[in-house]
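Shown next: upload_30.txt, containing compact mmCIF, C-alpha atoms.
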# COMPACT_ATOMS: atom_id res chain seq x y z
CA MET Q 1 -131.04 189.84 -138.00
CA ALA Q 2 -134.62 190.74 -137.00
CA VAL Q 3 -135.59 187.06 -137.09
CA ASN Q 4 -132.69 186.18 -134.79
CA LYS Q 5 -133.73 188.97 -132.42
CA TYR Q 6 -137.28 187.67 -132.16
CA ALA Q 7 -136.05 184.09 -131.93
CA SER Q 8 -133.93 184.98 -128.92
CA PHE Q 9 -136.89 186.71 -127.31
CA LEU Q 10 -139.15 183.69 -127.88
CA GLN Q 11 -136.49 181.27 -126.67
CA THR Q 12 -136.27 183.20 -123.42
CA ILE Q 13 -140.04 182.98 -123.02
CA GLU Q 14 -139.93 179.25 -123.70
CA SER Q 15 -137.12 178.58 -121.24
CA GLU Q 16 -138.58 180.77 -118.49
CA TRP Q 17 -142.30 179.97 -118.66
CA ARG Q 18 -142.98 177.38 -121.43
CA GLN Q 19 -146.09 179.41 -122.26
CA ILE Q 20 -147.03 183.01 -123.06
CA PRO Q 21 -146.47 184.88 -119.78
CA SER Q 22 -148.55 187.72 -118.41
CA TYR Q 23 -147.67 191.34 -119.11
CA GLU Q 24 -146.48 191.70 -115.52
CA GLN Q 25 -144.09 188.78 -115.92
CA LEU Q 26 -142.77 190.14 -119.22
CA VAL Q 27 -142.15 193.58 -117.77
CA LYS Q 28 -140.50 192.20 -114.66
CA HIS Q 29 -138.15 190.03 -116.71
CA PHE Q 30 -137.45 192.24 -119.75
CA SER Q 31 -138.55 195.81 -118.78
CA VAL Q 32 -140.79 198.04 -120.89
CA ALA Q 33 -137.80 199.44 -122.77
CA LYS Q 34 -136.66 196.00 -123.94
CA ILE Q 35 -140.19 194.95 -124.88
CA ARG Q 36 -140.40 198.09 -127.00
CA ARG Q 37 -137.40 196.87 -129.00
CA HIS Q 38 -139.50 193.85 -130.00
CA LYS Q 39 -142.48 195.97 -131.00
CA ARG Q 40 -143.73 193.90 -133.94
CA LEU Q 41 -143.75 190.70 -131.96
CA PHE Q 42 -145.35 192.36 -128.96
CA ASP Q 43 -148.00 194.01 -131.14
CA TRP Q 44 -148.85 190.56 -132.45
CA LEU Q 45 -149.24 189.27 -128.88
CA LEU Q 46 -151.59 192.16 -128.17
CA ASP Q 47 -153.60 191.72 -131.38
CA THR Q 48 -154.11 188.03 -130.68
CA LYS Q 49 -155.04 188.89 -127.06
CA LEU Q 50 -152.35 186.59 -125.72
CA VAL Q 51 -151.11 189.50 -123.61
CA ALA Q 52 -153.00 192.46 -122.14
CA VAL Q 53 -151.16 195.66 -121.23
CA ASP Q 54 -151.35 196.92 -117.66
CA SER Q 55 -151.09 200.70 -118.10
CA GLU Q 56 -150.25 201.40 -114.47
CA LEU Q 57 -147.52 198.77 -114.43
CA LYS Q 58 -146.14 200.13 -117.69
CA LYS Q 59 -145.99 203.63 -116.23
CA GLU Q 60 -144.29 202.42 -113.04
CA ASN Q 61 -141.69 200.46 -114.98
CA ALA Q 62 -140.96 203.49 -117.14
CA GLU Q 63 -140.41 205.58 -114.00
CA GLN Q 64 -138.10 202.92 -112.55
CA ASN Q 65 -136.06 202.90 -115.76
CA GLN Q 66 -135.77 206.68 -115.68
CA ILE Q 67 -134.53 206.54 -112.09
CA LEU Q 68 -131.90 203.97 -113.07
CA GLN Q 69 -130.87 206.11 -116.03
CA ILE Q 70 -130.45 209.15 -113.78
CA LEU Q 71 -128.20 207.10 -111.49
CA ARG Q 72 -126.15 205.78 -114.42
CA ASN Q 73 -125.59 209.29 -115.77
CA ALA Q 74 -124.61 210.76 -112.40
CA LYS Q 75 -120.93 211.64 -112.13
CA VAL Q 76 -120.48 211.39 -108.38
CA SER Q 77 -117.86 210.17 -105.95
CA PRO Q 78 -118.12 206.58 -104.66
CA GLN Q 79 -119.02 207.91 -101.21
CA MET Q 80 -121.77 210.13 -102.59
CA GLY Q 81 -122.99 207.25 -104.72
CA LEU Q 82 -123.47 205.15 -101.58
CA VAL Q 83 -125.32 208.00 -99.88
CA ILE Q 84 -127.69 208.46 -102.82
CA GLY Q 85 -128.20 204.70 -103.00
CA SER Q 86 -129.17 204.63 -99.33
CA PHE Q 87 -131.47 207.61 -99.88
CA LEU Q 88 -133.14 205.78 -102.77
CA GLU Q 89 -133.68 202.67 -100.61
CA LYS Q 90 -135.50 204.79 -98.03
CA LEU Q 91 -137.66 206.39 -100.71
CA MET Q 92 -138.51 203.03 -102.30
CA LEU Q 93 -139.58 201.69 -98.91
CA GLN Q 94 -141.97 204.63 -98.63
CA ASN Q 95 -143.21 203.80 -102.13
CA GLN Q 96 -143.96 200.23 -101.08
CA ASN Q 97 -145.92 201.60 -98.13
CA GLY Q 98 -147.95 203.81 -100.46
CA GLN Q 99 -146.43 207.04 -99.14
CA LEU Q 100 -144.53 208.16 -102.25
CA SER Q 101 -145.09 207.79 -105.98
CA LEU Q 102 -142.27 206.70 -108.26
CA ARG Q 103 -142.56 210.01 -110.09
CA THR Q 104 -141.87 211.89 -106.85
CA ILE Q 105 -138.94 209.59 -106.12
CA ARG Q 106 -137.56 210.30 -109.59
CA LEU Q 107 -137.69 214.05 -108.87
CA TYR Q 108 -135.91 213.58 -105.53
CA ILE Q 109 -133.18 211.42 -107.08
CA ARG Q 110 -132.69 213.83 -109.97
CA THR Q 111 -132.14 216.66 -107.51
CA ALA Q 112 -129.83 214.58 -105.32
CA THR Q 113 -127.65 213.59 -108.29
CA SER Q 114 -127.69 217.13 -109.68
CA LEU Q 115 -126.49 218.42 -106.33
CA ALA Q 116 -123.82 215.71 -106.24
CA ASN Q 117 -122.66 216.68 -109.73
CA HIS Q 118 -122.56 220.30 -108.60
CA CYS Q 119 -120.33 219.29 -105.67
CA ALA Q 120 -118.08 217.21 -107.91
CA ILE Q 121 -117.34 220.27 -110.04
CA LYS Q 122 -115.94 221.90 -106.91
CA LYS Q 123 -113.99 218.74 -106.02
CA HIS Q 124 -116.13 218.15 -102.91
CA THR Q 125 -116.83 214.54 -101.94
CA LEU Q 126 -119.85 215.52 -99.85
CA PRO Q 127 -121.90 218.73 -100.13
CA THR Q 128 -121.03 221.75 -98.04
CA GLN Q 129 -123.36 224.57 -97.05
CA SER Q 130 -121.87 226.77 -99.76
CA ASP Q 131 -122.61 223.99 -102.28
CA ILE Q 132 -126.26 223.94 -101.22
CA ASP Q 133 -126.55 227.72 -101.38
CA SER Q 134 -124.91 228.05 -104.80
CA PHE Q 135 -126.87 225.08 -106.18
CA LEU Q 136 -130.22 226.56 -105.14
CA GLU Q 137 -129.20 229.96 -106.43
CA ALA Q 138 -128.51 228.40 -109.82
CA PHE Q 139 -131.51 226.03 -109.73
CA PRO Q 140 -134.21 227.53 -107.48
CA GLY Q 141 -136.81 225.12 -108.86
CA HIS Q 142 -135.07 222.26 -107.02
CA ARG Q 143 -135.61 223.79 -103.58
CA ALA Q 144 -138.47 221.51 -102.47
CA SER Q 145 -136.74 218.33 -103.67
CA ALA Q 146 -133.40 219.42 -102.24
CA TYR Q 147 -135.04 219.95 -98.85
CA ARG Q 148 -135.94 216.25 -98.70
CA PHE Q 149 -132.39 215.15 -99.52
CA VAL Q 150 -130.74 217.64 -97.17
CA THR Q 151 -133.07 216.55 -94.35
CA TYR Q 152 -132.00 212.95 -94.99
CA LEU Q 153 -128.30 213.89 -94.88
CA ARG Q 154 -128.80 215.68 -91.58
CA ALA Q 155 -130.89 212.86 -90.06
CA LYS Q 156 -128.17 210.34 -90.93
CA ALA Q 157 -125.48 212.67 -89.53
CA ILE Q 158 -123.76 212.66 -92.92
CA CYS Q 159 -123.77 216.45 -93.31
CA CYS Q 160 -125.15 219.22 -91.15
CA LEU Q 161 -126.76 221.33 -93.85
CA TRP Q 162 -129.72 223.67 -93.99
CA ILE Q 163 -131.91 225.22 -96.63
CA GLY Q 164 -132.72 228.79 -95.73
CA LYS Q 165 -135.59 230.85 -97.01
CA PRO Q 166 -134.91 232.42 -100.40
CA SER Q 167 -134.01 236.09 -100.29
CA ARG Q 168 -136.95 238.21 -101.40
CA ALA Q 169 -134.63 240.72 -103.00
CA VAL Q 170 -132.84 238.01 -104.99
CA ALA Q 171 -136.13 236.39 -105.99
CA LYS Q 172 -137.54 239.74 -107.11
CA SER Q 173 -134.41 240.55 -109.09
CA LYS Q 174 -134.51 237.19 -110.88
CA HIS Q 175 -138.21 237.59 -111.63
CA GLU Q 176 -137.64 241.04 -113.12
CA ALA Q 177 -134.75 239.72 -115.21
CA LYS Q 178 -137.01 236.96 -116.52
CA LEU Q 179 -139.74 239.46 -117.45
CA LYS Q 180 -137.21 241.72 -119.13
CA LYS Q 181 -136.00 238.79 -121.20
CA ARG Q 182 -139.60 238.11 -122.24
CA LEU Q 183 -139.98 241.71 -123.39
CA PHE Q 184 -136.85 241.49 -125.53
CA MET Q 185 -138.20 238.27 -127.02
CA CYS Q 186 -141.36 240.19 -127.97
CA LEU Q 187 -139.23 242.78 -129.75
CA SER Q 188 -137.47 240.03 -131.65
CA LYS Q 189 -140.81 238.44 -132.61
CA LEU Q 190 -142.13 241.80 -133.79
CA LYS Q 191 -139.11 242.27 -136.00
CA ARG Q 192 -139.75 238.84 -137.55
CA GLY Q 193 -143.38 239.76 -138.15
CA VAL Q 194 -144.95 237.40 -135.61
CA SER Q 195 -148.63 238.37 -135.45
CA HIS Q 196 -149.18 238.04 -131.69
CA ALA Q 197 -146.01 239.92 -130.67
CA LYS Q 198 -147.89 243.10 -129.72
CA ILE Q 199 -150.33 241.18 -127.53
CA ASP Q 200 -147.46 239.37 -125.83
CA TRP Q 201 -145.73 242.70 -125.25
CA LYS Q 202 -148.75 244.09 -123.37
CA TYR Q 203 -149.05 240.92 -121.31
CA TRP Q 204 -145.43 240.98 -120.14
CA ALA Q 205 -145.16 244.78 -119.91
CA LEU Q 206 -148.00 244.98 -117.37
CA GLN Q 207 -146.11 242.50 -115.20
CA TYR Q 208 -142.70 244.14 -115.67
CA PHE Q 209 -143.66 247.80 -115.24
CA HIS Q 210 -146.47 247.43 -112.69
CA GLY Q 211 -146.03 244.06 -110.97
CA ILE Q 212 -149.41 242.77 -112.13
CA ASP Q 213 -149.90 239.04 -111.65
CA PRO Q 214 -150.12 236.90 -114.82
CA LYS Q 215 -153.84 236.14 -114.48
CA SER Q 216 -154.84 239.80 -114.10
CA SER Q 217 -152.44 240.80 -116.85
CA ARG Q 218 -154.07 238.35 -119.25
CA LYS Q 219 -157.55 239.62 -118.39
CA LEU Q 220 -156.54 243.24 -118.94
CA VAL Q 221 -154.95 242.50 -122.30
CA GLN Q 222 -157.97 240.52 -123.45
CA SER Q 223 -160.40 243.24 -122.36
CA ILE Q 224 -161.31 246.27 -124.47
CA THR Q 225 -160.83 248.74 -121.63
CA GLY Q 226 -157.34 249.83 -122.66
CA ILE Q 227 -157.15 253.49 -123.70
CA VAL Q 228 -154.74 253.94 -126.58
CA ASP Q 229 -152.80 257.17 -126.94
CA GLY Q 230 -149.99 258.05 -129.27
CA GLU Q 231 -147.26 256.43 -127.22
CA GLY Q 232 -148.87 253.65 -125.25
CA VAL Q 233 -151.92 252.04 -123.67
CA LEU Q 234 -153.60 252.99 -120.39
CA TYR Q 235 -155.39 250.33 -118.35
CA ILE Q 236 -157.43 250.75 -115.19
CA HIS Q 237 -156.93 247.97 -112.65
CA MET Q 238 -158.42 248.05 -109.14
CA GLY Q 239 -158.76 251.81 -109.35
CA LYS Q 240 -155.16 252.34 -110.45
CA LYS Q 241 -153.96 253.70 -113.78
CA LEU Q 242 -151.45 251.41 -115.48
CA TRP Q 243 -149.73 252.87 -118.52
CA ILE Q 244 -147.41 250.82 -120.70
CA PRO Q 245 -145.45 252.02 -123.74
CA ASN Q 246 -146.22 250.82 -127.23
CA VAL Q 247 -143.86 248.33 -128.77
CA ASP Q 248 -142.74 249.73 -132.10
CA ILE Q 249 -140.78 248.18 -134.94
CA SER Q 250 -138.50 251.21 -134.95
CA ILE Q 251 -137.15 250.08 -131.58
CA VAL Q 252 -135.60 247.00 -133.10
CA ALA Q 253 -134.97 248.21 -136.62
Whole structure, structure tokens version:
Amino acid sequence: MAVNKYASFLQTIESEWRQIPSYEQLVKHFSVAKIRRHKRLFDWLLDTKLVAVDSELKKENAEQNQILQILRNAKVSPQMGLVIGSFLEKLMLQNQNGQLSLRTIRLYIRTATSLANHCAIKKHTLPTQSDIDSFLEAFPGHRASAYRFVTYLRAKAICCLWIGKPSRAVAKSKHEAKLKKRLFMCLSKLKRGVSHAKIDWKYWALQYFHGIDPKSSRKLVQSITGIVDGEGVLYIHMGKKLWIPNVDISIVA
């Protein structure tokens, strides 16, 4: 079966070029993914220096394949599919002009299809303002990419949508919930006997109880300035006293 597979590959090369083509020609015709399925043969071409890999071209082709895979996996309405296709054409034109990388395009398309999938769950053919708001509430990390897609929808008069500034209160609440989750993870690690659990606890506790930024929190934990008492540790940061409780195995016993 392997012989037949390689034979088919070689026959295609013979019929297309009648000689060993360049790496660029191979990638354009077969794609990096398909070449990878003929690894032994391709390794031989490399070893004999009949073909030389173009790393940048390989990376670009991989990005293109990922974009296509995202589109294939998207469960969107036909109308939304046309919109995303048009959006992709605009992005690819900017790529050809050197304005956008394929990686950035992949991020934009992933967000556009994720938003479309989010709309499909609500039985909406095109996104509504409530779809945008709920999507960004669930996936705040997509805000920058979503802004590009929403701007495109508005410019094409497809949808009149806007991305407002995130609520500080909501952002703060989510951040605190994330830190709290980290603290509970430290408790779990301590119960399992993970050696660095106590250090992690101090790192996250300074952020949770006192709002210290991660960089300063790390410096404080790594320093020897902490004053240990029977129930916790006291740190001095920018003239302020920051006390955090000890994490104890009895808490999670």
Once you count all atoms listed in the file, what closest atom pair and distance in Å to one decimal does each residue of range 159-251 of chain Q within 10 Å of range 117-134 of chain Q have, with rows by chain and rising residue number, as a tab-separated table?
residue	atom	partner	partner_atom	distance
Q:Cys159	CA	Q:Pro127	CA	7.4
Q:Cys160	CA	Q:Gln129	CA	8.2
Q:Leu161	CA	Q:Gln129	CA	5.7
Q:Trp162	CA	Q:Gln129	CA	7.1
Q:Ile163	CA	Q:Ile132	CA	7.4
Q:Gly164	CA	Q:Asp133	CA	8.4
Q:Pro166	CA	Q:Asp133	CA	9.6
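The closest residue to Trp201 in chain Q, picked from Q:Pro214, Q:Pro245, Q:Gly239, Q:Gly226 and counting only C-alpha atoms, is Q:Pro245.
Atom to atom, CA of Ser216 in chain Q and CA of Leu136 in chain Q stand 29.4 Å apart.
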Check: In Å, with one decimal, what is the gap from CA of Leu183 in chain Q to CA of Trp204 in chain Q?
Finding: 6.4 Å
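From CA of Gly141 in chain Q back to CA of Lys219 in chain Q, the distance works out to 27.0 Å.
Proximity of Q:Tyr208, Q:Leu220, Q:Leu242, Q:Leu107 to Ala177 in chain Q, computed with all atoms listed in the file, is greatest for Q:Tyr208.
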Check: So which residues are close to (-147.5, 241.0, -118.3), meaning at most 12 Å away in the file's coordinates with all atoms listed in the file counted, and can you show them as number ranges by chain?
Finding: Q: 175-176, 178-180, 182-183, 186, 198-222, 242, 244
Checklist line | From Q:Arg37, Q:Arg106, Q:Lys156, Q:Arg192, residue lying nearest Met92 in chain Q [all atoms listed in the file] | finding: Q:Arg106
Residues within 10 Å of (-133.6, 216.5, -98.8), file coords, all atoms listed in the file, listed as a CSV table (one decimal) with C-alpha atoms, in the frame of the given file:
chain,number,residue,atom,x,y,z
Q,87,PHE,CA,-131.5,207.6,-99.9
Q,108,TYR,CA,-135.9,213.6,-105.5
Q,109,ILE,CA,-133.2,211.4,-107.1
Q,111,THR,CA,-132.1,216.7,-107.5
Q,112,ALA,CA,-129.8,214.6,-105.3
Q,143,ARG,CA,-135.6,223.8,-103.6
Q,144,ALA,CA,-138.5,221.5,-102.5
Q,145,SER,CA,-136.7,218.3,-103.7
Q,146,ALA,CA,-133.4,219.4,-102.2
Q,147,TYR,CA,-135.0,220.0,-98.8
Q,148,ARG,CA,-135.9,216.2,-98.7
Q,149,PHE,CA,-132.4,215.2,-99.5
Q,150,VAL,CA,-130.7,217.6,-97.2
Q,151,THR,CA,-133.1,216.6,-94.4
Q,152,TYR,CA,-132.0,213.0,-95.0
Q,153,LEU,CA,-128.3,213.9,-94.9
Q,154,ARG,CA,-128.8,215.7,-91.6
Q,155,ALA,CA,-130.9,212.9,-90.1
Q,161,LEU,CA,-126.8,221.3,-93.8
Q,162,TRP,CA,-129.7,223.7,-94.0
Q,163,ILE,CA,-131.9,225.2,-96.6
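Nearest residue to Leu68 in chain Q, choosing from Q:Gly98, Q:Pro140, Q:Pro21, Q:Gly85 and counting all atoms listed in the file: Q:Gly85.
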Item checked: Shortest interatomic distance to Ser86 in chain Q - which of Q:Ile13, Q:Ile158, Q:Leu100, Q:Leu234, counting only C-alpha atoms -> Q:Ile158
